[in-house]
There are 4 protein chains.
Amino acid sequence: MHTYSVRKVGVVGATGYSGVELVRRLANHPGADLVAAMGSAGSEPRRIPALRQIWDESVVPLDLDRLAALDAVFLAVPDTLAAEVGPALAARGPRVFDLSGAFRLRDKALRNRWYPHSPDPELPVTYGLTERYREELGEARLVACAGCYPTAAILSLQPLVAAGLLEPGIIVDAKSGVSGAGKTPTERTHFSEIHGSMAAYGLFSHRHGAEIEQEVGTDVTFVPHLVPLDRGILETIYARLRPGASAEDVTATLQAAYAGAAFVRLTGADLPEIKHVAHTNFCDIGWRVSPDGRQLVMVACIDNLVKGAAGQAIQNFNVAFGFPEALGLN
Amino acid sequence: MHTYSVRKVGVVGATGYSGVELVRRLANHPGADLVAAMGSAGSEPRRIPALRQIWDESVVPLDLDRLAALDAVFLAVPDTLAAEVGPALAARGPRVFDLSGAFRLRDKALRNRWYPHSPDPELPVTYGLTERYREELGEARLVACAGCYPTAAILSLQPLVAAGLLEPGIIVDAKSGVSGAGKTPTERTHFSEIHGSMAAYGLFSHRHGAEIEQEVGTDVTFVPHLVPLDRGILETIYARLRPGASAEDVTATLQAAYAGAAFVRLTGADLPEIKHVAHTNFCDIGWRVSPDGRQLVMVACIDNLVKGAAGQAIQNFNVAFGFPEALGLN
Amino acid sequence: MHTYSVRKVGVVGATGYSGVELVRRLANHPGADLVAAMGSAGSEPRRIPALRQIWDESVVPLDLDRLAALDAVFLAVPDTLAAEVGPALAARGPRVFDLSGAFRLRDKALRNRWYPHSPDPELPVTYGLTERYREELGEARLVACAGCYPTAAILSLQPLVAAGLLEPGIIVDAKSGVSGAGKTPTERTHFSEIHGSMAAYGLFSHRHGAEIEQEVGTDVTFVPHLVPLDRGILETIYARLRPGASAEDVTATLQAAYAGAAFVRLTGADLPEIKHVAHTNFCDIGWRVSPDGRQLVMVACIDNLVKGAAGQAIQNFNVAFGFPEALGLN
Amino acid sequence: MHTYSVRKVGVVGATGYSGVELVRRLANHPGADLVAAMGSAGSEPRRIPALRQIWDESVVPLDLDRLAALDAVFLAVPDTLAAEVGPALAARGPRVFDLSGAFRLRDKALRNRWYPHSPDPELPVTYGLTERYREELGEARLVACAGCYPTAAILSLQPLVAAGLLEPGIIVDAKSGVSGAGKTPTERTHFSEIHGSMAAYGLFSHRHGAEIEQEVGTDVTFVPHLVPLDRGILETIYARLRPGASAEDVTATLQAAYAGAAFVRLTGADLPEIKHVAHTNFCDIGWRVSPDGRQLVMVACIDNLVKGAAGQAIQNFNVAFGFPEALGLN
């Protein structure tokens, strides 16, 4: 067993769904000393019932000076708040792992459109999908952790698009559990509106579409749906193979991309299910090609609160600080 | 087939869960002409998507003058609003079927404690549980329809207590679907708080406890729980048989009480399930006695939005106006 | 109010999910005298707890001679049994409404592939989707009621394909509640396998794909998924508009196709939700076109046990016998 | 960080719900070398999809000789099989942690009634509830791990009964998720039978009743219910305080009993919820006393697959072999 040089870390937004997941995992992380879990500025100190005997401190109000003295800060807050405090904190010392979308879009026009409160970042931003940006994480100051929907879509599509295997006209039909909508009570997230029901939303207007396109490098039609479960995303992805591209090319390309990957499991023709990834940091990816060899259908699953949020951030943290990639994530 | 003299009716609170259920059923009721469905005062006119081609009018703002001209008004609003408009409307002409708790408690001190906004009613109030107060409904002006939890408990217990079969110390362990908590979004009713979970609430402080005790005629320990389903209540009721009382007495008493009842189904030793009553106006009641013959366990199920709310109100309306009791309820 | 000449009807497969739904609705249908509800040959007589006081007869073993004397028989049985008894019964007198897929495929080769136990029918078969084959139903002897997935897909796509608005390469991403998988317990339908999970299945191998293609008249990529709810189907349909075709063309074509339709509700840009159609015979269809005007996304919802099974069959029965189309379906 | 002397362990019944949970946790347990995961005799080798990259071995057929060479064997099999192989294995060397009920009842007559296939054990059996039998576990050969329902009930009631605080006539109203019913598909565990429903079962005939009474030391009325969630048990417990006993006595007794307990969390008047214990080894216990000081209501929650099964067994294993009690359980 190894001994790790422990890093002082803090969590902002500790009472939200991703925040609780971060606190739970960081409290047991051998390389992290969780110094503070904070809510919003001026919030009442509050205990988290589910974390009794795991993390017995109170969630305290936001205190930027205290955070500035830490090695790493995780932001699990709305993008408007992250836009404000993320760069400020990163400039003062801590490395910042931002779970919001505030700085994920590199293109200024797109960022202004989808995240109008986000300024131009004054320090370089690393897109926080470990499998793609591992090399940059060692020096990263501000890590814009990948969104939940984009994580599954990018891990599935990016190697195939980069290899030139797919025709334009990709469709991502995404189904998400309700925790992805956040903890604020709304009519949409009322139990009785979701139970026994299902709906599409955000058609042609969900900002994760631009994020997927940025990282995949081509246009996609992205349609998210809310399904009656708490945590988990399943994406069904439709693409035509280019003339000359075969099912074997798809398999070889994906296997090459994820050989040795700690958290991507290729399931081939056995299509993945949300149940298999819930409460884990895995992204499971399966696929099949139609009998005529032209239509590719992929299915990818993650837990939106783990690989799609808290686990992804810790995975980035591990690589950034030189810990084993899976530390604290099993 | 019969022709009915049709009554002009209105619904207030038409966008809530009970209100939509009322509108859906009254729109198809052969004895009702649904003249108006209203929301709160000053609310925006609003269509109900689920009712397209069933009730294509808009839900309009509250208009007491318009309601005063009708034969019957159904109030599916919070008890504070019902306390205000219920007696006023009943005094002006329409017979009022109030689904709230505003006037259910006859004892003034209890009413002041649990419903502090309810005035002393100036006209007589009929407790709206058809099976018990059928005779009074013909003349009733203001009907305080029975609460959801009380309906299942009273139908189960009242005949046995009246027959002197039970010892004191009755326990009602009640489990309810989430629609019973109303449509207003709260942290408690967020999908992710309920899915995969379950909790007791309102221990020693739920006002339905007093309502049950009033109608059953003895003290009960009443503990409600929220379970992860949309509609339905299941109550497990524990009572000791008095010395001399037997399982046969229980059976005979219940069968006598509900011989010919349109909406009480006695299932005997085959305990009822919520699935069997969902979307119906039935109350199913089953029971068993322990091998030593002393401990009675009853299980009662209703759909909280039908027999526990909208269906119950229409059943009362039917009897009050001389329609067949089950009209529009199948 | 009208008086209807009542038809003697029977149900086979009365204990399955579609069968119970048929019995419940036929027991209250003003034009139907439900003479017998049957199970399989040699099955034990059995009561249906949910139907006490609605249909108090027992479900009896299959008795073809008794059925032969009726006006209409509904078959809610596996396609292998329907293949055997459907044509035999239709030849003896009753008009047969078959809810299985046994005779839905007109092409002999396709039928042999997907329903190898189905013989070539000796009498003409009517595909039982009322909205499309209304004219044929008056004379129909054997009605092969449309499948659940196909109903939503065909109602959405057929008018647009017929109008030449869509390019090839249509995708139907379908999500179904679990009752669609039938009542036989399997590992796939175990509560704990479905709750909190979701999965695609039947990829490139579900026989409803051929049925959709037959009625829509073009190839589709059809991918069904199982979602954690009991009843309801939501289909998200992706198609490219042909050059020259516009969003307005889509709207006009659909409105023309369903003007006055009793059970198709066009919701336009307000996308439908399963909750709005559950326990009804409606098919709700909404759609949007991408900002560049080329990508059409449609969303269609039905209750798989009503418009996708029992309700559809009764709708066909109503038209076949000259009853109002919606009789017994509200 | 410590280094542990690692023990060779095996799991029998590795494909069931408790078995998968055992394998997942033992594969990451610093004190356990998981040598083999087995199914039933003659079963096909089979991989567990959810455990890819966690435990990549196949589940192999039962091989008693191979198990006999290990330090510890976990049995997650039906009680009939555990009755056969548990004592045999324990006699040959390994310490056996039996998750079934085969040897939980000490009274021969009760055991013969509820577990008729269980022989009289030839070696001493330790009841496997760590909090109560910690001292005996160090020498234990055959550990009959506590049942899921009994765990929550015994931890709540035993200290209070032992202190003489409660009157006779205790009621345990228990609600369980469906994974507690096991993985074998049955009509009862079909998704569509459970979703949107709830039912009591096993009234006066569930064998966990005798187990609770054995460990609590008094009679209880035990009524289990199935609720629509996957994992978790919530028990609402009703008892009258003896004259002279107060709410403060209850609090003091429970606090004394569980001071320093690793996995019992006393929540006092904040009643616990299943959500807070899901996927953990905690038992949360809350309680309130009625305003008149006589009626005690307790609420206890566990995850039936963790503290009610796999976690409990590992907790016993840890104490039996001298590991820290919580090793591998966080």
# chains A, B, ... in the order shown; residues from 1 in each chain; ligands from 1
>>> select_by_dssp(residues="stretch 13-235 of chain C", states="strand (DSSP E)", output="PDB file with N, CA and C atoms, in the first residue's frame")
ATOM      1  N   ALA C  32     -71.624  -3.462 -25.999  1.00  0.00           N
ATOM      2  CA  ALA C  32     -71.064  -4.812 -25.885  1.00  0.00           C
ATOM      3  C   ALA C  32     -71.674  -5.548 -24.712  1.00  0.00           C
ATOM      4  N   ASP C  33     -72.006  -6.784 -24.955  1.00  0.00           N
ATOM      5  CA  ASP C  33     -72.408  -7.696 -23.880  1.00  0.00           C
ATOM      6  C   ASP C  33     -71.276  -8.705 -23.745  1.00  0.00           C
ATOM      7  N   LEU C  34     -70.476  -8.532 -22.709  1.00  0.00           N
ATOM      8  CA  LEU C  34     -69.311  -9.396 -22.543  1.00  0.00           C
ATOM      9  C   LEU C  34     -69.778 -10.750 -22.015  1.00  0.00           C
ATOM     10  N   VAL C  35     -69.850 -11.700 -22.918  1.00  0.00           N
ATOM     11  CA  VAL C  35     -70.396 -13.010 -22.584  1.00  0.00           C
ATOM     12  C   VAL C  35     -69.384 -13.897 -21.885  1.00  0.00           C
ATOM     13  N   ALA C  36     -68.141 -13.815 -22.308  1.00  0.00           N
ATOM     14  CA  ALA C  36     -67.142 -14.705 -21.728  1.00  0.00           C
ATOM     15  C   ALA C  36     -65.758 -14.099 -21.814  1.00  0.00           C
ATOM     16  N   ALA C  37     -65.004 -14.288 -20.745  1.00  0.00           N
ATOM     17  CA  ALA C  37     -63.583 -13.962 -20.720  1.00  0.00           C
ATOM     18  C   ALA C  37     -62.853 -15.269 -20.477  1.00  0.00           C
ATOM     19  N   MET C  38     -61.926 -15.579 -21.364  1.00  0.00           N
ATOM     20  CA  MET C  38     -61.285 -16.890 -21.310  1.00  0.00           C
ATOM     21  C   MET C  38     -59.772 -16.765 -21.187  1.00  0.00           C
ATOM     22  N   ALA C  72     -68.396 -10.999 -31.848  1.00  0.00           N
ATOM     23  CA  ALA C  72     -67.012 -10.532 -31.956  1.00  0.00           C
ATOM     24  C   ALA C  72     -66.168 -11.201 -30.880  1.00  0.00           C
ATOM     25  N   VAL C  73     -64.929 -11.498 -31.254  1.00  0.00           N
ATOM     26  CA  VAL C  73     -63.980 -12.080 -30.300  1.00  0.00           C
ATOM     27  C   VAL C  73     -62.695 -11.269 -30.348  1.00  0.00           C
ATOM     28  N   PHE C  74     -62.219 -10.928 -29.174  1.00  0.00           N
ATOM     29  CA  PHE C  74     -60.947 -10.229 -29.039  1.00  0.00           C
ATOM     30  C   PHE C  74     -59.886 -11.229 -28.589  1.00  0.00           C
ATOM     31  N   LEU C  75     -58.790 -11.281 -29.320  1.00  0.00           N
ATOM     32  CA  LEU C  75     -57.701 -12.203 -28.971  1.00  0.00           C
ATOM     33  C   LEU C  75     -56.530 -11.415 -28.393  1.00  0.00           C
ATOM     34  N   ARG C  95     -66.590 -11.891 -35.839  1.00  0.00           N
ATOM     35  CA  ARG C  95     -65.516 -11.055 -36.363  1.00  0.00           C
ATOM     36  C   ARG C  95     -64.419 -11.039 -35.303  1.00  0.00           C
ATOM     37  N   VAL C  96     -63.194 -11.199 -35.753  1.00  0.00           N
ATOM     38  CA  VAL C  96     -62.081 -11.408 -34.826  1.00  0.00           C
ATOM     39  C   VAL C  96     -61.179 -10.185 -34.804  1.00  0.00           C
ATOM     40  N   PHE C  97     -60.910  -9.705 -33.603  1.00  0.00           N
ATOM     41  CA  PHE C  97     -59.992  -8.585 -33.393  1.00  0.00           C
ATOM     42  C   PHE C  97     -58.767  -9.144 -32.684  1.00  0.00           C
ATOM     43  N   ASP C  98     -57.713  -9.327 -33.455  1.00  0.00           N
ATOM     44  CA  ASP C  98     -56.517 -10.007 -32.969  1.00  0.00           C
ATOM     45  C   ASP C  98     -55.498  -8.957 -32.557  1.00  0.00           C
ATOM     46  N   VAL C 125     -57.371 -10.132 -44.482  1.00  0.00           N
ATOM     47  CA  VAL C 125     -57.001  -9.555 -43.196  1.00  0.00           C
ATOM     48  C   VAL C 125     -57.000  -8.038 -43.326  1.00  0.00           C
ATOM     49  N   THR C 126     -57.578  -7.371 -42.341  1.00  0.00           N
ATOM     50  CA  THR C 126     -57.543  -5.911 -42.306  1.00  0.00           C
ATOM     51  C   THR C 126     -56.551  -5.476 -41.235  1.00  0.00           C
ATOM     52  N   TYR C 127     -55.635  -4.596 -41.625  1.00  0.00           N
ATOM     53  CA  TYR C 127     -54.692  -4.068 -40.632  1.00  0.00           C
ATOM     54  C   TYR C 127     -55.452  -3.086 -39.743  1.00  0.00           C
ATOM     55  N   GLY C 128     -55.424  -3.335 -38.445  1.00  0.00           N
ATOM     56  CA  GLY C 128     -56.335  -2.650 -37.547  1.00  0.00           C
ATOM     57  C   GLY C 128     -55.815  -1.358 -36.953  1.00  0.00           C
ATOM     58  N   LEU C 142     -61.329 -10.514 -40.128  1.00  0.00           N
ATOM     59  CA  LEU C 142     -60.169 -10.757 -39.260  1.00  0.00           C
ATOM     60  C   LEU C 142     -59.353  -9.478 -39.244  1.00  0.00           C
ATOM     61  N   VAL C 143     -59.328  -8.832 -38.081  1.00  0.00           N
ATOM     62  CA  VAL C 143     -58.644  -7.550 -37.949  1.00  0.00           C
ATOM     63  C   VAL C 143     -57.344  -7.761 -37.178  1.00  0.00           C
ATOM     64  N   ALA C 144     -56.228  -7.516 -37.848  1.00  0.00           N
ATOM     65  CA  ALA C 144     -54.923  -7.627 -37.202  1.00  0.00           C
ATOM     66  C   ALA C 144     -54.591  -6.259 -36.611  1.00  0.00           C
ATOM     67  N   CYS C 145     -54.946  -6.078 -35.342  1.00  0.00           N
ATOM     68  CA  CYS C 145     -54.800  -4.754 -34.729  1.00  0.00           C
ATOM     69  C   CYS C 145     -53.325  -4.343 -34.717  1.00  0.00           C
ATOM     70  N   ILE C 170     -34.838   7.331 -42.074  1.00  0.00           N
ATOM     71  CA  ILE C 170     -35.630   7.700 -40.899  1.00  0.00           C
ATOM     72  C   ILE C 170     -35.227   6.848 -39.704  1.00  0.00           C
ATOM     73  N   ILE C 171     -35.188   7.488 -38.539  1.00  0.00           N
ATOM     74  CA  ILE C 171     -34.833   6.791 -37.298  1.00  0.00           C
ATOM     75  C   ILE C 171     -35.978   6.911 -36.307  1.00  0.00           C
ATOM     76  N   VAL C 172     -36.349   5.773 -35.711  1.00  0.00           N
ATOM     77  CA  VAL C 172     -37.374   5.760 -34.671  1.00  0.00           C
ATOM     78  C   VAL C 172     -36.733   5.243 -33.391  1.00  0.00           C
ATOM     79  N   ASP C 173     -36.492   6.160 -32.472  1.00  0.00           N
ATOM     80  CA  ASP C 173     -35.941   5.791 -31.167  1.00  0.00           C
ATOM     81  C   ASP C 173     -37.121   5.675 -30.210  1.00  0.00           C
ATOM     82  N   ALA C 174     -37.458   4.435 -29.826  1.00  0.00           N
ATOM     83  CA  ALA C 174     -38.700   4.177 -29.099  1.00  0.00           C
ATOM     84  C   ALA C 174     -38.413   3.757 -27.661  1.00  0.00           C
ATOM     85  N   LYS C 175     -39.211   4.309 -26.752  1.00  0.00           N
ATOM     86  CA  LYS C 175     -39.060   4.004 -25.331  1.00  0.00           C
ATOM     87  C   LYS C 175     -40.398   3.478 -24.827  1.00  0.00           C
ATOM     88  N   SER C 176     -40.375   2.315 -24.197  1.00  0.00           N
ATOM     89  CA  SER C 176     -41.636   1.707 -23.762  1.00  0.00           C
ATOM     90  C   SER C 176     -41.624   1.371 -22.285  1.00  0.00           C
ATOM     91  N   ALA C 199     -32.451   0.326 -20.820  1.00  0.00           N
ATOM     92  CA  ALA C 199     -31.620  -0.406 -21.779  1.00  0.00           C
ATOM     93  C   ALA C 199     -32.292  -0.420 -23.136  1.00  0.00           C
ATOM     94  N   ALA C 200     -31.483  -0.466 -24.176  1.00  0.00           N
ATOM     95  CA  ALA C 200     -31.972  -0.751 -25.524  1.00  0.00           C
ATOM     96  C   ALA C 200     -32.060  -2.266 -25.670  1.00  0.00           C
ATOM     97  N   VAL C 220     -36.925   2.122 -42.100  1.00  0.00           N
ATOM     98  CA  VAL C 220     -36.660   2.879 -40.867  1.00  0.00           C
ATOM     99  C   VAL C 220     -35.634   2.109 -40.051  1.00  0.00           C
ATOM    100  N   THR C 221     -34.835   2.849 -39.293  1.00  0.00           N
ATOM    101  CA  THR C 221     -34.000   2.236 -38.262  1.00  0.00           C
ATOM    102  C   THR C 221     -34.780   2.351 -36.967  1.00  0.00           C
ATOM    103  N   PHE C 222     -35.148   1.189 -36.422  1.00  0.00           N
ATOM    104  CA  PHE C 222     -36.052   1.168 -35.266  1.00  0.00           C
ATOM    105  C   PHE C 222     -35.316   0.581 -34.067  1.00  0.00           C
ATOM    106  N   VAL C 223     -35.186   1.371 -33.005  1.00  0.00           N
ATOM    107  CA  VAL C 223     -34.477   0.901 -31.807  1.00  0.00           C
ATOM    108  C   VAL C 223     -35.372   1.073 -30.587  1.00  0.00           C
ATOM    109  N   PRO C 224     -35.897  -0.034 -30.048  1.00  0.00           N
ATOM    110  CA  PRO C 224     -36.723   0.055 -28.843  1.00  0.00           C
ATOM    111  C   PRO C 224     -35.883   0.026 -27.566  1.00  0.00           C
ATOM    112  N   HIS C 225     -36.412   0.661 -26.541  1.00  0.00           N
ATOM    113  CA  HIS C 225     -35.778   0.689 -25.215  1.00  0.00           C
ATOM    114  C   HIS C 225     -36.840   0.380 -24.166  1.00  0.00           C
ATOM    115  N   LEU C 226     -36.401  -0.208 -23.078  1.00  0.00           N
ATOM    116  CA  LEU C 226     -37.287  -0.424 -21.935  1.00  0.00           C
ATOM    117  C   LEU C 226     -36.989   0.635 -20.882  1.00  0.00           C
ATOM    118  N   ILE C 233     -45.668   4.605 -24.168  1.00  0.00           N
ATOM    119  CA  ILE C 233     -44.587   4.596 -25.150  1.00  0.00           C
ATOM    120  C   ILE C 233     -44.349   6.029 -25.583  1.00  0.00           C
ATOM    121  N   LEU C 234     -43.076   6.399 -25.676  1.00  0.00           N
ATOM    122  CA  LEU C 234     -42.690   7.671 -26.278  1.00  0.00           C
ATOM    123  C   LEU C 234     -41.695   7.357 -27.384  1.00  0.00           C
ATOM    124  N   GLU C 235     -41.977   7.866 -28.575  1.00  0.00           N
ATOM    125  CA  GLU C 235     -41.067   7.661 -29.693  1.00  0.00           C
ATOM    126  C   GLU C 235     -40.534   8.998 -30.173  1.00  0.00           C
TER     127      GLU C 235
END
>>> interface_residues(of="chain B", to="chain D", cutoff="9 Å", atoms="only C-alpha atoms", output="MDAnalysis selection string")
chainID B and resid 171 173 175 177 193:201 203:204 221 223 227:234 236 238 271:276 278 288:291 295 297 299
>>> select_by_dssp(residues="stretch 103-325 of chain B", states="helix (DSSP H, G or I)", output="ChimeraX atom specification")
/B:108-114,130-137,148-162,178-181,191-194,208-216,247-257,274-277,306-320
>>> residues_around(residues="stretch 39-47 of chain D", least_positions_apart="5", cutoff="12 Å", atoms="only C-alpha atoms", output="ChimeraX atom specification")
/D:10-16,19-20,23,52-64,74-78,81-82,85
>>> write_last_selection(atoms="N, CA and C atoms", output="PDB file, in the first residue's frame")
ATOM      1  N   GLY D  10     -13.939 -16.930  -0.479  1.00  0.00           N
ATOM      2  CA  GLY D  10     -14.771 -17.329  -1.613  1.00  0.00           C
ATOM      3  C   GLY D  10     -16.213 -16.938  -1.373  1.00  0.00           C
ATOM      4  N   VAL D  11     -16.939 -16.792  -2.470  1.00  0.00           N
ATOM      5  CA  VAL D  11     -18.365 -16.443  -2.401  1.00  0.00           C
ATOM      6  C   VAL D  11     -19.148 -17.523  -3.148  1.00  0.00           C
ATOM      7  N   VAL D  12     -20.192 -18.028  -2.535  1.00  0.00           N
ATOM      8  CA  VAL D  12     -21.101 -18.946  -3.222  1.00  0.00           C
ATOM      9  C   VAL D  12     -22.444 -18.233  -3.406  1.00  0.00           C
ATOM     10  N   GLY D  13     -22.962 -18.314  -4.602  1.00  0.00           N
ATOM     11  CA  GLY D  13     -24.203 -17.602  -4.908  1.00  0.00           C
ATOM     12  C   GLY D  13     -23.895 -16.229  -5.468  1.00  0.00           C
ATOM     13  N   ALA D  14     -22.849 -16.168  -6.298  1.00  0.00           N
ATOM     14  CA  ALA D  14     -22.281 -14.871  -6.684  1.00  0.00           C
ATOM     15  C   ALA D  14     -23.100 -14.131  -7.718  1.00  0.00           C
ATOM     16  N   THR D  15     -24.120 -14.734  -8.281  1.00  0.00           N
ATOM     17  CA  THR D  15     -24.884 -14.010  -9.296  1.00  0.00           C
ATOM     18  C   THR D  15     -26.184 -13.410  -8.759  1.00  0.00           C
ATOM     19  N   GLY D  16     -26.541 -13.741  -7.522  1.00  0.00           N
ATOM     20  CA  GLY D  16     -27.720 -13.125  -6.911  1.00  0.00           C
ATOM     21  C   GLY D  16     -27.426 -11.695  -6.489  1.00  0.00           C
ATOM     22  N   GLY D  19     -25.068 -11.637  -3.641  1.00  0.00           N
ATOM     23  CA  GLY D  19     -23.801 -12.181  -4.095  1.00  0.00           C
ATOM     24  C   GLY D  19     -22.984 -11.183  -4.901  1.00  0.00           C
ATOM     25  N   VAL D  20     -23.622 -10.476  -5.820  1.00  0.00           N
ATOM     26  CA  VAL D  20     -22.907  -9.460  -6.600  1.00  0.00           C
ATOM     27  C   VAL D  20     -22.374  -8.372  -5.667  1.00  0.00           C
ATOM     28  N   VAL D  23     -19.272  -9.746  -3.984  1.00  0.00           N
ATOM     29  CA  VAL D  23     -18.116  -9.805  -4.875  1.00  0.00           C
ATOM     30  C   VAL D  23     -17.555  -8.412  -5.106  1.00  0.00           C
ATOM     31  N   ARG D  52     -17.377  -5.827 -14.651  1.00  0.00           N
ATOM     32  CA  ARG D  52     -16.206  -5.740 -15.538  1.00  0.00           C
ATOM     33  C   ARG D  52     -15.205  -4.734 -14.979  1.00  0.00           C
ATOM     34  N   GLN D  53     -13.948  -5.075 -15.048  1.00  0.00           N
ATOM     35  CA  GLN D  53     -12.839  -4.250 -14.536  1.00  0.00           C
ATOM     36  C   GLN D  53     -12.869  -4.108 -13.018  1.00  0.00           C
ATOM     37  N   ILE D  54     -13.800  -4.757 -12.362  1.00  0.00           N
ATOM     38  CA  ILE D  54     -13.788  -4.817 -10.898  1.00  0.00           C
ATOM     39  C   ILE D  54     -13.437  -6.244 -10.489  1.00  0.00           C
ATOM     40  N   TRP D  55     -14.139  -7.194 -11.083  1.00  0.00           N
ATOM     41  CA  TRP D  55     -13.881  -8.615 -10.837  1.00  0.00           C
ATOM     42  C   TRP D  55     -14.079  -9.295 -12.187  1.00  0.00           C
ATOM     43  N   ASP D  56     -12.957  -9.544 -12.850  1.00  0.00           N
ATOM     44  CA  ASP D  56     -13.062 -10.004 -14.236  1.00  0.00           C
ATOM     45  C   ASP D  56     -13.051 -11.516 -14.384  1.00  0.00           C
ATOM     46  N   GLU D  57     -13.075 -12.215 -13.270  1.00  0.00           N
ATOM     47  CA  GLU D  57     -13.153 -13.670 -13.348  1.00  0.00           C
ATOM     48  C   GLU D  57     -14.581 -14.086 -13.683  1.00  0.00           C
ATOM     49  N   SER D  58     -14.720 -15.332 -14.084  1.00  0.00           N
ATOM     50  CA  SER D  58     -16.059 -15.876 -14.263  1.00  0.00           C
ATOM     51  C   SER D  58     -16.559 -16.454 -12.951  1.00  0.00           C
ATOM     52  N   VAL D  59     -17.867 -16.417 -12.810  1.00  0.00           N
ATOM     53  CA  VAL D  59     -18.506 -17.154 -11.725  1.00  0.00           C
ATOM     54  C   VAL D  59     -18.539 -18.620 -12.158  1.00  0.00           C
ATOM     55  N   VAL D  60     -17.941 -19.477 -11.364  1.00  0.00           N
ATOM     56  CA  VAL D  60     -17.757 -20.883 -11.759  1.00  0.00           C
ATOM     57  C   VAL D  60     -18.711 -21.765 -10.957  1.00  0.00           C
ATOM     58  N   PRO D  61     -18.871 -23.017 -11.381  1.00  0.00           N
ATOM     59  CA  PRO D  61     -19.787 -23.896 -10.640  1.00  0.00           C
ATOM     60  C   PRO D  61     -19.274 -24.169  -9.218  1.00  0.00           C
ATOM     61  N   LEU D  62     -20.165 -24.516  -8.365  1.00  0.00           N
ATOM     62  CA  LEU D  62     -19.841 -24.807  -6.963  1.00  0.00           C
ATOM     63  C   LEU D  62     -18.811 -25.934  -6.887  1.00  0.00           C
ATOM     64  N   ASP D  63     -17.763 -25.714  -6.089  1.00  0.00           N
ATOM     65  CA  ASP D  63     -16.680 -26.693  -5.939  1.00  0.00           C
ATOM     66  C   ASP D  63     -16.273 -26.690  -4.469  1.00  0.00           C
ATOM     67  N   LEU D  64     -16.832 -27.614  -3.699  1.00  0.00           N
ATOM     68  CA  LEU D  64     -16.621 -27.591  -2.248  1.00  0.00           C
ATOM     69  C   LEU D  64     -15.169 -27.856  -1.876  1.00  0.00           C
ATOM     70  N   PHE D  74     -18.295 -17.122   2.061  1.00  0.00           N
ATOM     71  CA  PHE D  74     -19.568 -16.425   2.208  1.00  0.00           C
ATOM     72  C   PHE D  74     -20.623 -17.182   1.410  1.00  0.00           C
ATOM     73  N   LEU D  75     -21.721 -17.513   2.054  1.00  0.00           N
ATOM     74  CA  LEU D  75     -22.806 -18.227   1.395  1.00  0.00           C
ATOM     75  C   LEU D  75     -23.975 -17.279   1.155  1.00  0.00           C
ATOM     76  N   ALA D  76     -24.229 -16.962  -0.108  1.00  0.00           N
ATOM     77  CA  ALA D  76     -25.371 -16.111  -0.466  1.00  0.00           C
ATOM     78  C   ALA D  76     -26.312 -16.948  -1.315  1.00  0.00           C
ATOM     79  N   VAL D  77     -26.777 -18.025  -0.716  1.00  0.00           N
ATOM     80  CA  VAL D  77     -27.588 -19.021  -1.433  1.00  0.00           C
ATOM     81  C   VAL D  77     -28.868 -19.280  -0.655  1.00  0.00           C
ATOM     82  N   PRO D  78     -29.843 -19.937  -1.270  1.00  0.00           N
ATOM     83  CA  PRO D  78     -31.075 -20.261  -0.533  1.00  0.00           C
ATOM     84  C   PRO D  78     -30.765 -21.079   0.721  1.00  0.00           C
ATOM     85  N   LEU D  81     -29.800 -24.845   0.455  1.00  0.00           N
ATOM     86  CA  LEU D  81     -28.427 -25.173   0.071  1.00  0.00           C
ATOM     87  C   LEU D  81     -27.464 -24.823   1.200  1.00  0.00           C
ATOM     88  N   ALA D  82     -27.700 -23.704   1.856  1.00  0.00           N
ATOM     89  CA  ALA D  82     -26.827 -23.320   2.975  1.00  0.00           C
ATOM     90  C   ALA D  82     -26.902 -24.351   4.093  1.00  0.00           C
ATOM     91  N   VAL D  85     -24.475 -27.174   2.823  1.00  0.00           N
ATOM     92  CA  VAL D  85     -23.037 -26.976   2.670  1.00  0.00           C
ATOM     93  C   VAL D  85     -22.404 -26.161   3.795  1.00  0.00           C
TER      94      VAL D  85
END
